[in-house]
$ cat target.tsv   # TSV, C-alpha atoms
chain	number	residue	atom	x	y	z
A	4	MET	CA	0.00	0.00	0.00
A	5	PRO	CA	1.18	3.58	-0.64
A	6	HIS	CA	2.62	5.36	2.37
A	7	LEU	CA	0.03	7.73	3.82
A	8	THR	CA	0.21	10.35	6.53
A	9	SER	CA	-2.78	11.29	8.66
A	10	ARG	CA	-2.82	14.80	7.28
A	11	LEU	CA	-2.76	13.60	3.69
A	12	ALA	CA	-5.49	11.13	4.41
A	13	GLY	CA	-7.68	14.01	5.47
A	14	THR	CA	-7.60	15.48	1.99
A	15	SER	CA	-10.14	12.92	0.81
A	16	GLY	CA	-12.87	14.89	2.49
A	17	THR	CA	-11.85	18.41	1.43
A	18	GLY	CA	-13.84	18.49	-1.78
A	19	VAL	CA	-10.75	19.20	-3.90
A	20	ARG	CA	-11.63	18.32	-7.48
A	21	THR	CA	-9.27	16.03	-9.32
A	22	GLY	CA	-8.50	17.11	-12.88
A	23	LEU	CA	-6.33	16.06	-15.78
A	24	GLY	CA	-2.95	17.48	-16.71
A	25	VAL	CA	-1.95	16.38	-20.22
A	26	PRO	CA	1.85	15.83	-20.50
A	27	GLY	CA	1.74	16.39	-24.27
A	28	CYS	CA	0.03	14.57	-27.11
A	29	ALA	CA	1.68	13.97	-30.48
A	30	HIS	CA	1.69	16.71	-33.10
A	31	PRO	CA	-1.86	17.70	-34.16
A	32	LEU	CA	-1.24	16.34	-37.66
A	33	LEU	CA	-0.41	12.93	-36.18
A	34	ALA	CA	-3.04	12.99	-33.44
A	35	PRO	CA	-5.95	15.14	-34.62
A	36	ALA	CA	-8.55	13.06	-32.74
A	37	GLU	CA	-6.63	13.52	-29.50
A	38	TRP	CA	-6.50	17.31	-29.78
A	39	ASN	CA	-10.17	17.45	-30.79
A	40	ALA	CA	-11.11	15.36	-27.75
A	41	LEU	CA	-9.13	17.61	-25.39
A	42	ALA	CA	-11.02	20.67	-26.64
A	43	ARG	CA	-14.42	19.08	-26.10
A	44	PRO	CA	-16.53	21.21	-23.72
A	45	GLY	CA	-16.76	19.85	-20.20
A	46	THR	CA	-13.54	17.83	-20.32
A	47	PRO	CA	-12.03	18.09	-16.79
A	48	LEU	CA	-8.65	19.49	-17.82
A	49	HIS	CA	-6.46	21.61	-15.57
A	50	TRP	CA	-4.01	22.18	-18.40
A	51	ALA	CA	-2.43	20.61	-21.48
A	52	VAL	CA	1.17	20.76	-22.64
A	53	LEU	CA	2.06	21.83	-26.17
A	54	ASP	CA	5.31	20.23	-27.36
A	55	VAL	CA	5.83	21.23	-30.98
A	56	ASP	CA	9.22	19.62	-31.56
A	57	ARG	CA	10.92	18.96	-28.22
A	58	GLY	CA	10.12	22.58	-27.54
A	59	PRO	CA	8.53	25.37	-29.62
A	60	GLY	CA	10.27	24.40	-32.86
A	61	THR	CA	12.18	26.75	-35.12
A	62	GLN	CA	9.24	28.54	-36.73
A	63	PRO	CA	5.52	29.01	-36.06
A	64	ASP	CA	3.41	25.93	-36.80
A	65	PRO	CA	-0.15	26.81	-37.87
A	66	HIS	CA	-1.48	23.38	-36.86
A	67	CYS	CA	-0.17	23.80	-33.32
A	68	LEU	CA	-1.45	27.36	-33.17
A	69	ASP	CA	-4.92	26.13	-34.14
A	70	ALA	CA	-4.84	23.30	-31.58
A	71	ALA	CA	-3.65	25.62	-28.81
A	72	GLY	CA	-6.26	28.21	-29.73
A	73	ARG	CA	-9.12	25.72	-29.57
A	74	LEU	CA	-8.01	24.60	-26.12
A	75	ARG	CA	-7.70	28.13	-24.82
A	76	ASN	CA	-11.11	28.99	-26.28
A	77	ALA	CA	-12.47	26.03	-24.30
A	78	GLY	CA	-11.04	27.54	-21.13
A	79	VAL	CA	-8.04	25.19	-20.83
A	80	ARG	CA	-4.58	26.45	-19.91
A	81	VAL	CA	-1.94	25.63	-22.52
A	82	LEU	CA	1.61	25.17	-21.27
A	83	GLY	CA	4.73	25.20	-23.41
A	84	ARG	CA	7.21	22.40	-22.73
A	85	LEU	CA	10.72	23.50	-21.83
A	86	ASP	CA	13.35	20.78	-21.48
A	87	GLY	CA	15.55	21.48	-18.47
A	88	VAL	CA	17.79	18.44	-19.13
A	89	GLN	CA	18.16	17.89	-15.37
A	90	GLY	CA	19.47	21.42	-14.85
A	91	THR	CA	22.21	21.26	-17.48
A	92	ARG	CA	20.53	23.39	-20.14
A	93	PRO	CA	21.55	27.08	-20.06
A	94	ARG	CA	18.87	29.42	-18.78
A	95	ILE	CA	19.26	31.68	-21.80
A	96	GLU	CA	18.13	28.82	-24.06
A	97	LEU	CA	15.13	28.03	-21.88
A	98	ILE	CA	14.01	31.66	-21.88
A	99	ALA	CA	14.48	31.91	-25.65
A	100	ASP	CA	12.17	28.89	-26.08
A	101	ALA	CA	9.67	30.40	-23.64
A	102	HIS	CA	9.64	33.64	-25.62
A	103	ARG	CA	8.88	31.71	-28.83
A	104	TYR	CA	6.03	29.86	-27.14
A	105	LEU	CA	4.53	33.15	-26.00
A	106	GLU	CA	5.01	34.94	-29.32
A	107	TRP	CA	3.86	32.10	-31.56
A	108	TYR	CA	1.25	30.25	-29.47
A	109	GLN	CA	0.18	32.65	-26.69
A	110	VAL	CA	0.70	29.97	-24.04
A	111	ASP	CA	-0.53	30.45	-20.48
A	112	GLY	CA	2.58	29.06	-18.80
A	113	PHE	CA	5.24	26.40	-18.94
A	114	LEU	CA	6.11	22.86	-17.96
A	115	LEU	CA	9.81	22.88	-17.08
A	116	ASP	CA	10.34	19.21	-17.86
A	117	ARG	CA	13.27	17.14	-16.59
A	118	CYS	CA	13.74	19.68	-13.85
A	119	PRO	CA	16.45	18.95	-11.27
A	120	ALA	CA	15.20	17.71	-7.90
A	121	GLY	CA	18.21	18.16	-5.62
A	122	ARG	CA	18.89	21.10	-3.33
A	123	GLU	CA	21.87	22.15	-5.46
A	124	GLY	CA	19.62	22.77	-8.48
A	125	LEU	CA	17.18	25.03	-6.65
A	126	PRO	CA	18.95	28.42	-7.02
A	127	GLU	CA	19.22	28.19	-10.82
A	128	THR	CA	15.67	26.85	-11.11
A	129	ARG	CA	14.47	29.78	-9.02
A	130	ARG	CA	16.26	32.20	-11.36
A	131	THR	CA	14.68	30.49	-14.38
A	132	ILE	CA	11.20	30.83	-12.89
A	133	THR	CA	11.84	34.52	-12.15
A	134	SER	CA	12.85	35.03	-15.79
A	135	LEU	CA	9.75	33.16	-17.03
A	136	ARG	CA	7.48	35.37	-14.95
A	137	ALA	CA	9.27	38.44	-16.25
A	138	LEU	CA	8.02	37.38	-19.69
A	139	ARG	CA	4.49	36.74	-18.41
A	140	ALA	CA	3.68	37.73	-14.85
A	141	ASP	CA	0.75	35.33	-14.49
A	142	ALA	CA	2.49	32.35	-16.11
A	143	HIS	CA	1.42	29.01	-14.63
A	144	VAL	CA	4.70	27.20	-13.94
A	145	VAL	CA	4.87	23.43	-13.43
A	146	LEU	CA	8.15	21.77	-12.51
A	147	GLY	CA	8.50	18.30	-14.02
A	148	HIS	CA	10.74	16.58	-11.47
A	149	GLY	CA	9.05	13.20	-11.78
A	150	THR	CA	9.97	12.48	-8.17
A	151	HIS	CA	9.71	14.24	-4.82
A	152	PRO	CA	12.23	17.09	-4.95
A	153	TYR	CA	13.88	19.10	-2.23
A	154	PRO	CA	10.99	20.87	-0.46
A	155	GLY	CA	12.19	24.36	-1.37
A	156	TYR	CA	11.02	23.93	-4.97
A	157	ALA	CA	7.41	24.12	-3.79
A	158	GLU	CA	7.96	27.73	-2.72
A	159	ASN	CA	8.69	28.84	-6.28
A	160	ALA	CA	6.35	27.07	-8.72
A	161	ASP	CA	2.59	26.70	-9.02
A	162	GLN	CA	2.76	22.91	-9.25
A	163	LEU	CA	5.28	20.08	-8.99
A	164	VAL	CA	5.17	16.75	-10.84
A	165	THR	CA	6.19	14.42	-8.02
A	166	PHE	CA	5.59	11.14	-9.85
A	167	ASP	CA	6.24	10.26	-13.49
A	168	GLY	CA	6.48	6.56	-14.22
A	169	PRO	CA	4.78	3.16	-14.50
A	170	TRP	CA	1.82	1.83	-12.56
A	171	SER	CA	3.96	-1.03	-11.24
A	172	ASP	CA	5.92	1.57	-9.23
A	173	TYR	CA	3.07	3.96	-8.51
A	174	ARG	CA	0.74	1.53	-6.78
A	175	PHE	CA	3.37	0.92	-4.07
A	176	SER	CA	4.87	4.41	-4.05
A	177	GLN	CA	5.50	6.50	-0.96
A	178	VAL	CA	4.72	10.17	-0.58
A	179	ALA	CA	7.17	12.60	1.02
A	180	GLU	CA	5.82	13.81	4.34
A	181	TRP	CA	6.64	17.47	3.61
A	182	THR	CA	3.94	17.53	0.91
A	183	ALA	CA	1.33	17.49	3.70
A	184	ASP	CA	2.18	21.17	4.28
A	185	HIS	CA	0.71	22.04	0.86
A	186	PRO	CA	-2.74	21.59	-0.69
A	187	PRO	CA	-3.35	18.88	-3.33
A	188	GLU	CA	-3.62	21.53	-6.06
A	189	ARG	CA	0.16	21.87	-5.88
A	190	PHE	CA	0.99	18.33	-7.03
A	191	CYS	CA	0.71	16.31	-10.24
A	192	HIS	CA	1.15	12.60	-10.99
A	193	PHE	CA	1.78	11.11	-14.46
A	194	VAL	CA	1.33	7.34	-14.56
A	195	HIS	CA	1.50	5.02	-17.56
A	196	GLY	CA	0.62	1.36	-17.90
A	197	VAL	CA	-2.47	1.65	-15.68
A	198	PRO	CA	-4.90	-1.19	-16.57
A	199	ARG	CA	-8.56	-0.22	-16.85
A	200	ALA	CA	-9.36	-2.57	-13.98
A	201	HIS	CA	-7.03	-0.56	-11.71
A	202	LEU	CA	-8.13	2.94	-12.73
A	203	ASP	CA	-10.22	3.47	-9.60
A	204	GLU	CA	-7.31	2.30	-7.47
A	205	ALA	CA	-4.95	4.73	-9.21
A	206	LEU	CA	-7.35	7.60	-8.54
A	207	ARG	CA	-7.50	6.62	-4.88
A	208	VAL	CA	-3.70	6.57	-4.63
A	209	ALA	CA	-3.52	10.08	-6.10
A	210	ARG	CA	-6.20	11.35	-3.76
A	211	TRP	CA	-4.65	9.84	-0.64
A	212	GLN	CA	-1.20	11.06	-1.62
A	213	GLY	CA	-2.55	14.56	-2.13
A	214	ALA	CA	-2.24	15.13	-5.91
A	215	ALA	CA	-5.14	16.93	-7.56
A	216	THR	CA	-3.76	16.95	-11.13
A	217	VAL	CA	-3.26	13.54	-12.72
A	218	TRP	CA	-2.70	11.79	-16.03
A	219	PHE	CA	-3.34	8.05	-16.10
A	220	THR	CA	-3.03	5.98	-19.25
A	221	ASP	CA	-2.96	2.34	-20.24
A	222	ARG	CA	-0.29	3.15	-22.85
A	223	THR	CA	3.24	2.10	-21.93
A	224	ASP	CA	6.77	3.20	-22.77
A	225	HIS	CA	7.69	-0.28	-24.08
A	226	GLY	CA	10.85	-0.37	-22.02
A	227	GLY	CA	11.77	3.22	-22.72
A	228	ARG	CA	11.37	2.93	-26.50
A	229	ALA	CA	8.08	4.82	-26.83
A	230	ASP	CA	6.32	7.90	-25.51
A	231	PRO	CA	3.25	6.75	-23.53
A	232	TRP	CA	1.75	10.25	-23.55
A	233	GLU	CA	1.42	10.68	-27.33
A	234	THR	CA	-2.10	9.21	-27.52
A	235	LEU	CA	-5.11	9.28	-25.23
A	236	PRO	CA	-5.79	6.37	-22.87
A	237	GLY	CA	-7.85	3.54	-24.29
A	238	TYR	CA	-10.38	4.26	-21.53
A	239	TRP	CA	-10.51	8.00	-22.26
A	240	ASP	CA	-14.30	8.27	-22.07
A	241	ASP	CA	-14.31	6.36	-18.77
A	242	ILE	CA	-11.75	8.56	-17.07
A	243	VAL	CA	-13.37	11.77	-18.33
A	244	SER	CA	-16.74	10.60	-17.05
A	245	HIS	CA	-15.31	9.50	-13.70
A	246	ILE	CA	-13.34	12.67	-13.01
A	247	GLY	CA	-15.88	14.98	-14.58
A	248	THR	CA	-18.56	13.93	-12.12
A	249	GLY	CA	-16.21	14.32	-9.16
A	250	VAL	CA	-14.06	11.64	-7.57
A	251	SER	CA	-15.38	10.30	-4.30
A	252	GLU	CA	-14.88	7.37	-2.02

$ encode --input "target.tsv" --output "structure tokens"
Amino acid sequence: MPHLTSRLAGTSGTGVRTGLGVPGCAHPLLAPAEWNALARPGTPLHWAVLDVDRGPGTQPDPHCLDAAGRLRNAGVRVLGRLDGVQGTRPRIELIADAHRYLEWYQVDGFLLDRCPAGREGLPETRRTITSLRALRADAHVVLGHGTHPYPGYAENADQLVTFDGPWSDYRFSQVAEWTADHPPERFCHFVHGVPRAHLDEALRVARWQGAATVWFTDRTDHGGRADPWETLPGYWDDIVSHIGTGVSE
């Protein structure tokens, strides 16, 4: 069973609504049905990531602009994906990509993917976030650690991705106790390889661990050789219906 603290367990009765955070579907030309489904009215999305070509690409893409525009018209935040390469990518490159996302696609914020998680990476990450908010003051910033980072990161970003991996690890995962000091809206979980029969269990794990933004899919990474986020889950209608009506015990 996942490790639970008494304070986290109490979140199940707070009325916090679980919603979906989309890590990034394939290009709209390759996945038109996926982007159309995301823009459907009433879909319980907190935000969706736009990844044109491992970033914003080298020139504006009209297909991506159209897809992003339809999502924003539906009231969904669109985040541009910035690859932090575990803190090794120069900040000037990240900010240049962010500027392109804003100029070309009018994004609402950013997912700083492959963000460092250690204490030593915090000062530079903080400076990057300051620079991003200088470009857009109300930018929604999500840090894609994929694991529980040093607690100080939570003081700088809107949300942290504290799990990114397979269901086989997630169902027995442990939550860091410091997360109990923050509301569930601050945390995101991305889980692939979740069988339909275990979808309810996965939602319970997220709720008890205090993560209000989730992405669960039955797609897998095939041993690291594929991107499990490129297409929608096979049970897309089920998860939309379940979350859209409110998750409860």

$ closest_residue --input "target.tsv" --among "A:Arg84, A:His49, A:Arg210, A:His66" --to "Leu33 (chain A)" --atoms "all atoms listed in the file"
A:His66

$ residues_around --input "target.tsv" --residues "Leu135 (chain A)" --least-positions-apart "6" --cutoff "8 Å" --atoms "only C-alpha atoms" --output "PyMOL selection string"
chain A and resi 98+101+142

$ atom_distance --input "target.tsv" --atom1 "CA of Ala36 (chain A)" --atom2 "CA of Leu74 (chain A)"
13.3 Å

$ closest_residue --input "target.tsv" --among "A:Ala29, A:Asn76, A:Asp86, A:Thr61" --to "Arg43 (chain A)" --atoms "all atoms listed in the file"
A:Asn76

$ closest_residue --input "target.tsv" --among "A:Val145, A:Leu125, A:Ala77, A:Cys118" --to "Gln162 (chain A)" --atoms "all atoms listed in the file"
A:Val145

$ residues_near_point --input "target.tsv" --point "(-2.1, 34.6, -13.1)" --cutoff "12 Å" --atoms "all atoms listed in the file" --output "MDAnalysis selection string"
chainID A and resid 80 111:112 136 139:144 161

$ write_last_selection --input "target.tsv" --atoms "C-alpha atoms" --output "PDB file, in the coordinates of the input"
ATOM      1  CA  ARG A  80      -4.580  26.450 -19.910  1.00  0.00           C
ATOM      2  CA  ASP A 111      -0.530  30.450 -20.480  1.00  0.00           C
ATOM      3  CA  GLY A 112       2.580  29.060 -18.800  1.00  0.00           C
ATOM      4  CA  ARG A 136       7.480  35.370 -14.950  1.00  0.00           C
ATOM      5  CA  ARG A 139       4.490  36.740 -18.410  1.00  0.00           C
ATOM      6  CA  ALA A 140       3.680  37.730 -14.850  1.00  0.00           C
ATOM      7  CA  ASP A 141       0.750  35.330 -14.490  1.00  0.00           C
ATOM      8  CA  ALA A 142       2.490  32.350 -16.110  1.00  0.00           C
ATOM      9  CA  HIS A 143       1.420  29.010 -14.630  1.00  0.00           C
ATOM     10  CA  VAL A 144       4.700  27.200 -13.940  1.00  0.00           C
ATOM     11  CA  ASP A 161       2.590  26.700  -9.020  1.00  0.00           C
TER      12      ASP A 161
END

$ closest_residue --input "target.tsv" --among "A:Arg117, A:Arg130, A:His225, A:His148" --to "Ile95 (chain A)" --atoms "only C-alpha atoms"
A:Arg130

$ closest_atom_pairs --input "target.tsv" --of "region 69-172 of chain A" --to "region 196-209 of chain A" --cutoff "12 Å" --atoms "all atoms listed in the file" --output "JSON lines"
{"residue": "A:Val164", "atom": "CA", "partner": "A:Ala209", "partner_atom": "CA", "distance": 11.9}
{"residue": "A:Thr165", "atom": "CA", "partner": "A:Ala209", "partner_atom": "CA", "distance": 10.8}
{"residue": "A:Phe166", "atom": "CA", "partner": "A:Ala209", "partner_atom": "CA", "distance": 9.9}
{"residue": "A:Asp167", "atom": "CA", "partner": "A:Gly196", "partner_atom": "CA", "distance": 11.4}
{"residue": "A:Gly168", "atom": "CA", "partner": "A:Gly196", "partner_atom": "CA", "distance": 8.7}
{"residue": "A:Pro169", "atom": "CA", "partner": "A:Gly196", "partner_atom": "CA", "distance": 5.7}
{"residue": "A:Trp170", "atom": "CA", "partner": "A:Val197", "partner_atom": "CA", "distance": 5.3}
{"residue": "A:Ser171", "atom": "CA", "partner": "A:Gly196", "partner_atom": "CA", "distance": 7.8}
{"residue": "A:Asp172", "atom": "CA", "partner": "A:Gly196", "partner_atom": "CA", "distance": 10.2}

$ atom_distance --input "target.tsv" --atom1 "CA of Ala40 (chain A)" --atom2 "CA of Trp232 (chain A)"
14.5 Å

$ closest_residue --input "target.tsv" --among "A:Gln89, A:Thr21, A:Thr220, A:Thr46" --to "Ser244 (chain A)" --atoms "only C-alpha atoms"
A:Thr46

$ closest_residue --input "target.tsv" --among "A:Glu96, A:Arg174, A:Glu127, A:Arg122" --to "Tyr153 (chain A)" --atoms "all atoms listed in the file"
A:Arg122

$ atom_distance --input "target.tsv" --atom1 "CA of Val79 (chain A)" --atom2 "CA of Ala51 (chain A)"
7.3 Å

$ axis_aligned_box --input "target.tsv" --around "region 61-64 of chain A" --padding-each-side "4 Å" --output "JSON"
{"center_x": 7.8, "center_y": 27.5, "center_z": -36.0, "size_x": 16.8, "size_y": 11.1, "size_z": 9.7}

$ build_atoms --input "target.tsv" --residues "region 17-43 of chain A" --atoms "N, CA, C and O atoms" --output "CSV table (one decimal), in the coordinates of the input"
chain,number,residue,atom,x,y,z
A,17,THR,N,-11.9,17.0,1.6
A,17,THR,CA,-11.8,18.4,1.4
A,17,THR,C,-12.7,18.9,0.3
A,17,THR,O,-12.9,20.1,0.2
A,18,GLY,N,-13.1,18.1,-0.6
A,18,GLY,CA,-13.8,18.5,-1.8
A,18,GLY,C,-13.0,19.0,-2.9
A,18,GLY,O,-13.5,19.5,-3.9
A,19,VAL,N,-11.6,18.8,-2.8
A,19,VAL,CA,-10.8,19.2,-3.9
A,19,VAL,C,-11.1,18.4,-5.1
A,19,VAL,O,-11.2,17.1,-5.1
A,20,ARG,N,-11.3,19.0,-6.3
A,20,ARG,CA,-11.6,18.3,-7.5
A,20,ARG,C,-10.4,17.9,-8.2
A,20,ARG,O,-9.5,18.6,-8.6
A,21,THR,N,-10.3,16.6,-8.5
A,21,THR,CA,-9.3,16.0,-9.3
A,21,THR,C,-9.5,16.4,-10.8
A,21,THR,O,-10.6,16.5,-11.2
A,22,GLY,N,-8.4,16.8,-11.5
A,22,GLY,CA,-8.5,17.1,-12.9
A,22,GLY,C,-7.3,16.5,-13.6
A,22,GLY,O,-6.4,16.0,-13.0
A,23,LEU,N,-7.4,16.6,-14.9
A,23,LEU,CA,-6.3,16.1,-15.8
A,23,LEU,C,-5.3,17.1,-16.2
A,23,LEU,O,-5.6,18.2,-16.6
A,24,GLY,N,-4.0,16.7,-16.1
A,24,GLY,CA,-3.0,17.5,-16.7
A,24,GLY,C,-2.3,16.7,-17.8
A,24,GLY,O,-1.8,15.6,-17.6
A,25,VAL,N,-2.4,17.2,-19.1
A,25,VAL,CA,-2.0,16.4,-20.2
A,25,VAL,C,-0.5,16.6,-20.5
A,25,VAL,O,-0.1,17.8,-20.8
A,26,PRO,N,0.4,15.6,-20.3
A,26,PRO,CA,1.8,15.8,-20.5
A,26,PRO,C,2.3,16.2,-21.9
A,26,PRO,O,3.4,16.8,-22.1
A,27,GLY,N,1.4,16.0,-22.9
A,27,GLY,CA,1.7,16.4,-24.3
A,27,GLY,C,1.4,15.3,-25.3
A,27,GLY,O,2.1,14.3,-25.3
A,28,CYS,N,0.4,15.5,-26.1
A,28,CYS,CA,0.0,14.6,-27.1
A,28,CYS,C,1.0,14.8,-28.3
A,28,CYS,O,1.7,15.8,-28.4
A,29,ALA,N,0.9,13.8,-29.2
A,29,ALA,CA,1.7,14.0,-30.5
A,29,ALA,C,1.2,15.2,-31.3
A,29,ALA,O,0.2,15.8,-31.0
A,30,HIS,N,2.0,15.6,-32.3
A,30,HIS,CA,1.7,16.7,-33.1
A,30,HIS,C,0.3,16.6,-33.6
A,30,HIS,O,-0.2,15.5,-33.9
A,31,PRO,N,-0.5,17.7,-33.7
A,31,PRO,CA,-1.9,17.7,-34.2
A,31,PRO,C,-2.1,17.0,-35.5
A,31,PRO,O,-3.1,16.5,-35.8
A,32,LEU,N,-1.1,17.0,-36.4
A,32,LEU,CA,-1.2,16.3,-37.7
A,32,LEU,C,-1.2,14.8,-37.5
A,32,LEU,O,-1.9,14.1,-38.2
A,33,LEU,N,-0.5,14.4,-36.5
A,33,LEU,CA,-0.4,12.9,-36.2
A,33,LEU,C,-1.5,12.5,-35.2
A,33,LEU,O,-1.8,11.3,-35.2
A,34,ALA,N,-2.0,13.4,-34.4
A,34,ALA,CA,-3.0,13.0,-33.4
A,34,ALA,C,-4.2,14.0,-33.4
A,34,ALA,O,-4.5,14.6,-32.4
A,35,PRO,N,-4.9,14.2,-34.6
A,35,PRO,CA,-6.0,15.1,-34.6
A,35,PRO,C,-7.1,14.8,-33.7
A,35,PRO,O,-7.7,15.7,-33.1
A,36,ALA,N,-7.4,13.5,-33.6
A,36,ALA,CA,-8.6,13.1,-32.7
A,36,ALA,C,-8.3,13.4,-31.3
A,36,ALA,O,-9.2,13.8,-30.5
A,37,GLU,N,-7.0,13.2,-30.9
A,37,GLU,CA,-6.6,13.5,-29.5
A,37,GLU,C,-6.8,15.0,-29.2
A,37,GLU,O,-7.5,15.3,-28.2
A,38,TRP,N,-6.4,15.9,-30.0
A,38,TRP,CA,-6.5,17.3,-29.8
A,38,TRP,C,-8.0,17.7,-29.8
A,38,TRP,O,-8.4,18.6,-29.1
A,39,ASN,N,-8.7,17.1,-30.7
A,39,ASN,CA,-10.2,17.4,-30.8
A,39,ASN,C,-10.9,17.0,-29.5
A,39,ASN,O,-11.7,17.7,-29.0
A,40,ALA,N,-10.5,15.9,-29.0
A,40,ALA,CA,-11.1,15.4,-27.8
A,40,ALA,C,-10.8,16.3,-26.6
A,40,ALA,O,-11.6,16.5,-25.7
A,41,LEU,N,-9.5,16.8,-26.5
A,41,LEU,CA,-9.1,17.6,-25.4
A,41,LEU,C,-9.9,18.9,-25.4
A,41,LEU,O,-10.1,19.5,-24.3
A,42,ALA,N,-10.3,19.4,-26.6
A,42,ALA,CA,-11.0,20.7,-26.6
A,42,ALA,C,-12.5,20.5,-26.5
A,42,ALA,O,-13.2,21.5,-26.5
A,43,ARG,N,-13.0,19.3,-26.2
A,43,ARG,CA,-14.4,19.1,-26.1
A,43,ARG,C,-14.9,19.8,-24.8
A,43,ARG,O,-14.3,19.6,-23.8
